[in-house]
Amino acid sequence: MQAWTALARWNARRAIRRAITGFVVVVLGSAALSVGAPRAAAAPVAPQTVPSAQSWMPGGSAFTVGERPRVHFARADLRTIADDLAAELEARIGRPVHAEPGVDAAPGDIVLRTGRVPDAPDTAEAYRISIAETLELQGADLPGVFYATRSVLQMLRRSGTIPGGTVTDWPQYRERSLMLDVGREFMPLDVLRAQIRRMGDLKLNVLHLHLSDSFGFRLASERRPEITAAQHYSKQDIRDLIDYAARNQVEIVPEVDFPGHMNGILAAYPELKLRSRDGTVSDAAVDLSDPRGYELMRDILEEFVPLFPGRYWHLGGDEFLLQGSRVATYDEFPQLGSYARATYGPQARPADVLLGLINWGADIVRAHGKRPRIWNDGLRVGEATLALAPDIVIDYWSKGGTQLEPLPFFGSARTPADLVAAGHDVRNATFAPTYYVTGGDIAKFNVPPMAAYELWDPTVFVDGTRLPPEQLAHHLGAGLLVWCDDPTAQTPQQISVSITMPLAVQAQLTWRGARAGGYAEFADRVAAVGLSAP
């Protein structure tokens with residue numbers, strides 16, 4: 001956390017320096033032109049990458065890929081990155097490329113090493129590319145080295161020569177993500193692997209898999225085999241996918257949504273579905289007054305949380321009382337209020353059943369050495385008496401309620417600043433700039449990538465607020481969330497094509513933290529570096 005607090009301050013100071021420098025350059029440049037000063041020779045154009053680099057200093061000899069190029073690596077744990085770079089470069093240039101240990105390089109070779117990156121904040125993802133007769137790639141740690149190789153491959157897309165100079169680069173946000181709703185629409189493993197490769201190329205580092213929803217529970221369960229969907233991932237599938245993601249510096253964050261969006265699970269347990277006072281049955285929500293529901297959810301958590309080695313497990317927690325496009329009230333379910341008072345004390349309110357469940361699930365997740373995450377819409381002002389455990393990460397997408405009902409009569413969501421003050425980290429999952437929805441009523445809110453690029457600011461949350469400077473270290477980042485509300489609207493391959501530009505936009509805004517030129521220029525750069533649909 002100290003490193004990311006320093007990063008936030010470092011980026012703020014850098015923005016001020018940029019503004020001052022830009023003003024001085026404009027003023028002095030105008031003065032020089034007014035007295036007829038000779039125009040200096042144009043500096044070499046910065047190498048093209050997506051996302052664009054934070055810093056480019058031209059100078060020195062250009063780099064040209066050698067006739068028999070080698071990729072040298074200074075540490076044994078860089079071998080995998082070196083092997084992958086050699087294989088991809090060989091495919092690009094059509095000549096053999098070999099990876100070998102050591103740093104004794106000849107002109108036309110590439111060297112991979114690790115070490116403190118000068119003029120960059122303290123993050124493992126920072127890197128520097130020194131471009132001369134040899135190409136020196138230095139990362140603060142393995143992630144930085146990997147990202148440097150992604151930039152080099154993009155630079156070499158059009159030509160085997162890169163102009164001399166130095167690229168220094170680092171991320172603005174620590175999380176740059178893609179979420180895929182495989183619970184509603186199953187996506188084959190080859191599609192997931194292709195997305196992971198593209199994420200690596202774009203320096204996106206979190207793949208959030210929404211593994212259970214309306215049309216299926218997508219993990220093969222041994223404890224509760226009756227909940228497994230016909231289309232699912234075996235445990236070995238998941239292990240292989242995790243390894244593949246790690247090779248591309250992508251962490252997988254699994255989500256099994258409780259206590260709503262449980263259609264795929266509750267189809268096997270109709271007796272556990274939530275029923276209202278008038279007898280209306282919810283196919284999506286589990287009855288939190290029934291102990292058998294907790295037994296079911298515990299079995300799922302205890303079986304699958306250990307399967308994923310990453311830092312997080314997402315518990316969901318959203319849209320518990322969603323009935324179609326209407327959000328019901330707790331008054332419609334008197335058993336929930338009775339359970340809350342019996343469990344949490346006479347002062348408890350019905351909404352405490354949701355916060356109590358989240359804290360209960362968080363305890364299980366924490367016992368497996370992971371940090372819990374949830375969506376924010378169930379955290380409304382003054383609705384519950386329980387406090388949420390402060391280590392829970394909040395994905396902040398809604399002002400309260402649902403996509404269709406952003407300001408329900410029963411209260412608005414707690415603000416991001418309020419949640420940070422209570423100890424939480426937050427991710428900006430603002431509806432709708434970060435959303436891509438296939439079909440259904442919500443698809444009409446999809447923001448065109450040009451508008452997202454030109455207008456959206458990751459510092460602005462869905463309620464229109466920003467975190468104050470002293471809280472910025474708790475802003476994890478943002479990304480693209482793909483929701484398959486209508487799984488018949490597009491095939492997984494069509495989705496991959498459709499999200500090409502939205503994903504590139506999110507990569508630019510979360511890595512660089514700002515635009516780099518207009519949208520037309522950005523789209524040309526995406527095409528130039530070869531970031532088409534996988």
# chains A, B, ... in the order shown; residues from 1 in each chain; ligands from 1

call {"tool": "residues_around", "arguments": {"residues": "Pro69 (chain A)", "least_positions_apart": "4", "cutoff": "12 Å", "atoms": "only C-alpha atoms", "output": "ChimeraX atom specification"}}
result
/A:63-65,85-87,89-90,93-100,105-111,133-135,160

call {"tool": "closest_atom_pairs", "arguments": {"of": "region 224-295 of chain A", "to": "region 303-311 of chain A", "cutoff": "8 Å", "atoms": "only C-alpha atoms", "output": "Markdown table"}}
result
| residue | atom | partner | partner_atom | distance |
| --- | --- | --- | --- | --- |
| A:Lys235 | CA | A:Leu307 | CA | 7.5 |
| A:Ile238 | CA | A:Leu307 | CA | 7.9 |
| A:Arg239 | CA | A:Leu307 | CA | 7.6 |
| A:Ile242 | CA | A:Phe308 | CA | 7.7 |
| A:Glu251 | CA | A:Gly310 | CA | 6.4 |
| A:Ile252 | CA | A:Gly310 | CA | 6.5 |
| A:Val253 | CA | A:Gly310 | CA | 6.9 |
| A:Pro254 | CA | A:Phe308 | CA | 7.5 |

call {"tool": "select_by_dssp", "arguments": {"residues": "region 333-520 of chain A", "states": "strand (DSSP E)", "output": "VMD selection string"}}
result
chain A and resid 371 to 375 393 to 396 426 to 428 435 to 437 475 to 483

call {"tool": "atom_distance", "arguments": {"atom1": "CA of His314 (chain A)", "atom2": "CA of Tyr344 (chain A)"}}
result
24.1 Å

call {"tool": "select_by_dssp", "arguments": {"residues": "region 250-396 of chain A", "states": "helix (DSSP H, G or I)", "output": "ChimeraX atom specification"}}
result
/A:263-266,270-272,291-307,330-332,334-344,352-367

call {"tool": "closest_residue", "arguments": {"among": "A:Ala417, A:Ala528, A:Met199, A:Ile364", "to": "Met179 (chain A)", "atoms": "only C-alpha atoms"}}
result
A:Met199

call {"tool": "residues_around", "arguments": {"residues": "Val206 (chain A)", "least_positions_apart": "6", "cutoff": "12 Å", "atoms": "only C-alpha atoms", "output": "number ranges by chain"}}
result
A: 173-180, 195-196, 199-200, 242, 245-246, 248-254, 310-312, 427, 476-481, 507

call {"tool": "write_last_selection", "arguments": {"atoms": "C-alpha atoms", "output": "short mmCIF file (atom, residue, chain, number, x, y, z; two decimals), in the first residue's frame"}}
result
data_model
loop_
_atom_site.label_atom_id
_atom_site.label_comp_id
_atom_site.auth_asym_id
_atom_site.auth_seq_id
_atom_site.Cartn_x
_atom_site.Cartn_y
_atom_site.Cartn_z
CA TYR A 173 -3.63 2.11 -11.77
CA ARG A 174 -2.68 -1.19 -10.20
CA GLU A 175 -5.77 -3.02 -11.58
CA ARG A 176 -6.59 -2.94 -15.30
CA SER A 177 -9.22 -5.53 -15.92
CA LEU A 178 -11.58 -7.48 -18.14
CA MET A 179 -14.68 -9.18 -16.72
CA LEU A 180 -16.39 -11.95 -18.69
CA GLN A 195 -8.59 -12.97 -24.49
CA ILE A 196 -5.76 -13.54 -22.02
CA MET A 199 -4.90 -8.72 -22.23
CA GLY A 200 -1.17 -9.32 -21.91
CA ILE A 242 -4.58 -20.07 -14.38
CA ALA A 245 -2.89 -16.43 -17.46
CA ALA A 246 0.12 -16.22 -15.15
CA ASN A 248 0.76 -13.41 -19.51
CA GLN A 249 0.91 -11.59 -16.14
CA VAL A 250 -2.87 -11.91 -15.72
CA GLU A 251 -4.46 -12.77 -12.37
CA ILE A 252 -7.82 -14.54 -12.43
CA VAL A 253 -10.43 -13.30 -9.96
CA PRO A 254 -13.28 -15.84 -9.69
CA GLY A 310 -4.88 -15.62 -6.69
CA ARG A 311 -5.32 -12.99 -4.02
CA TYR A 312 -9.10 -12.54 -4.33
CA ARG A 427 -12.53 -0.31 -8.09
CA LEU A 476 -7.53 0.16 -7.52
CA GLY A 477 -8.43 0.94 -11.13
CA ALA A 478 -11.05 0.05 -13.72
CA GLY A 479 -11.63 -2.08 -16.80
CA LEU A 480 -14.18 -3.46 -19.23
CA LEU A 481 -17.10 -5.54 -17.94
CA ALA A 507 -6.19 -0.19 -21.42
#

call {"tool": "residues_around", "arguments": {"residues": "Arg466 (chain A)", "least_positions_apart": "2", "cutoff": "12 Å", "atoms": "only C-alpha atoms", "output": "number ranges by chain"}}
result
A: 415-418, 420, 426, 428, 457-464, 468-472, 474-475

call {"tool": "residues_around", "arguments": {"residues": "Val437 (chain A)", "least_positions_apart": "5", "cutoff": "12 Å", "atoms": "only C-alpha atoms", "output": "list of chain:residue names"}}
result
A:Met179, A:Leu180, A:Asp181, A:Arg184, A:Glu185, A:Gln403, A:Phe431, A:Ala432, A:Ile442, A:Ala443, A:Lys444, A:Phe445, A:Asn446, A:Val447, A:Pro448, A:Leu480, A:Leu481, A:Val482, A:Trp483, A:Cys484, A:Asp485, A:Asp486, A:Pro487, A:Ala489, A:Gln490, A:Ile495, A:Ser498, A:Ile499, A:Pro502

call {"tool": "residues_around", "arguments": {"residues": "region 220-227 of chain A", "least_positions_apart": "2", "cutoff": "9 Å", "atoms": "only C-alpha atoms", "output": "list in words"}}
result
Gly216, Phe217, Arg218, Ala229, His232, Tyr233, Ser234, Lys235, Gly264, Ile265, Leu266, Ala267, Ala268, Tyr269, Leu296, Asp299, Ile300, Glu303 and Phe304 of chain A

call {"tool": "residues_around", "arguments": {"residues": "Met155 (chain A)", "least_positions_apart": "3", "cutoff": "9 Å", "atoms": "only C-alpha atoms", "output": "list of chain:residue names"}}
result
A:Pro47, A:Gln48, A:Thr49, A:Arg150, A:Ser151, A:Val152, A:Arg158, A:Ser159, A:Gly160, A:Thr161, A:Ile162, A:Val529

call {"tool": "atom_distance", "arguments": {"atom1": "CA of Ala74 (chain A)", "atom2": "CA of Tyr147 (chain A)"}}
result
16.5 Å

call {"tool": "closest_residue", "arguments": {"among": "A:Gln138, A:Trp56, A:Pro171, A:Val286", "to": "Asp122 (chain A)", "atoms": "only C-alpha atoms"}}
result
A:Pro171

call {"tool": "atom_distance", "arguments": {"atom1": "CA of Ser282 (chain A)", "atom2": "CA of Ala328 (chain A)"}}
result
10.6 Å

call {"tool": "closest_residue", "arguments": {"among": "A:Ala520, A:Val191, A:Ala348, A:Ala91", "to": "Leu156 (chain A)", "atoms": "only C-alpha atoms"}}
result
A:Ala91
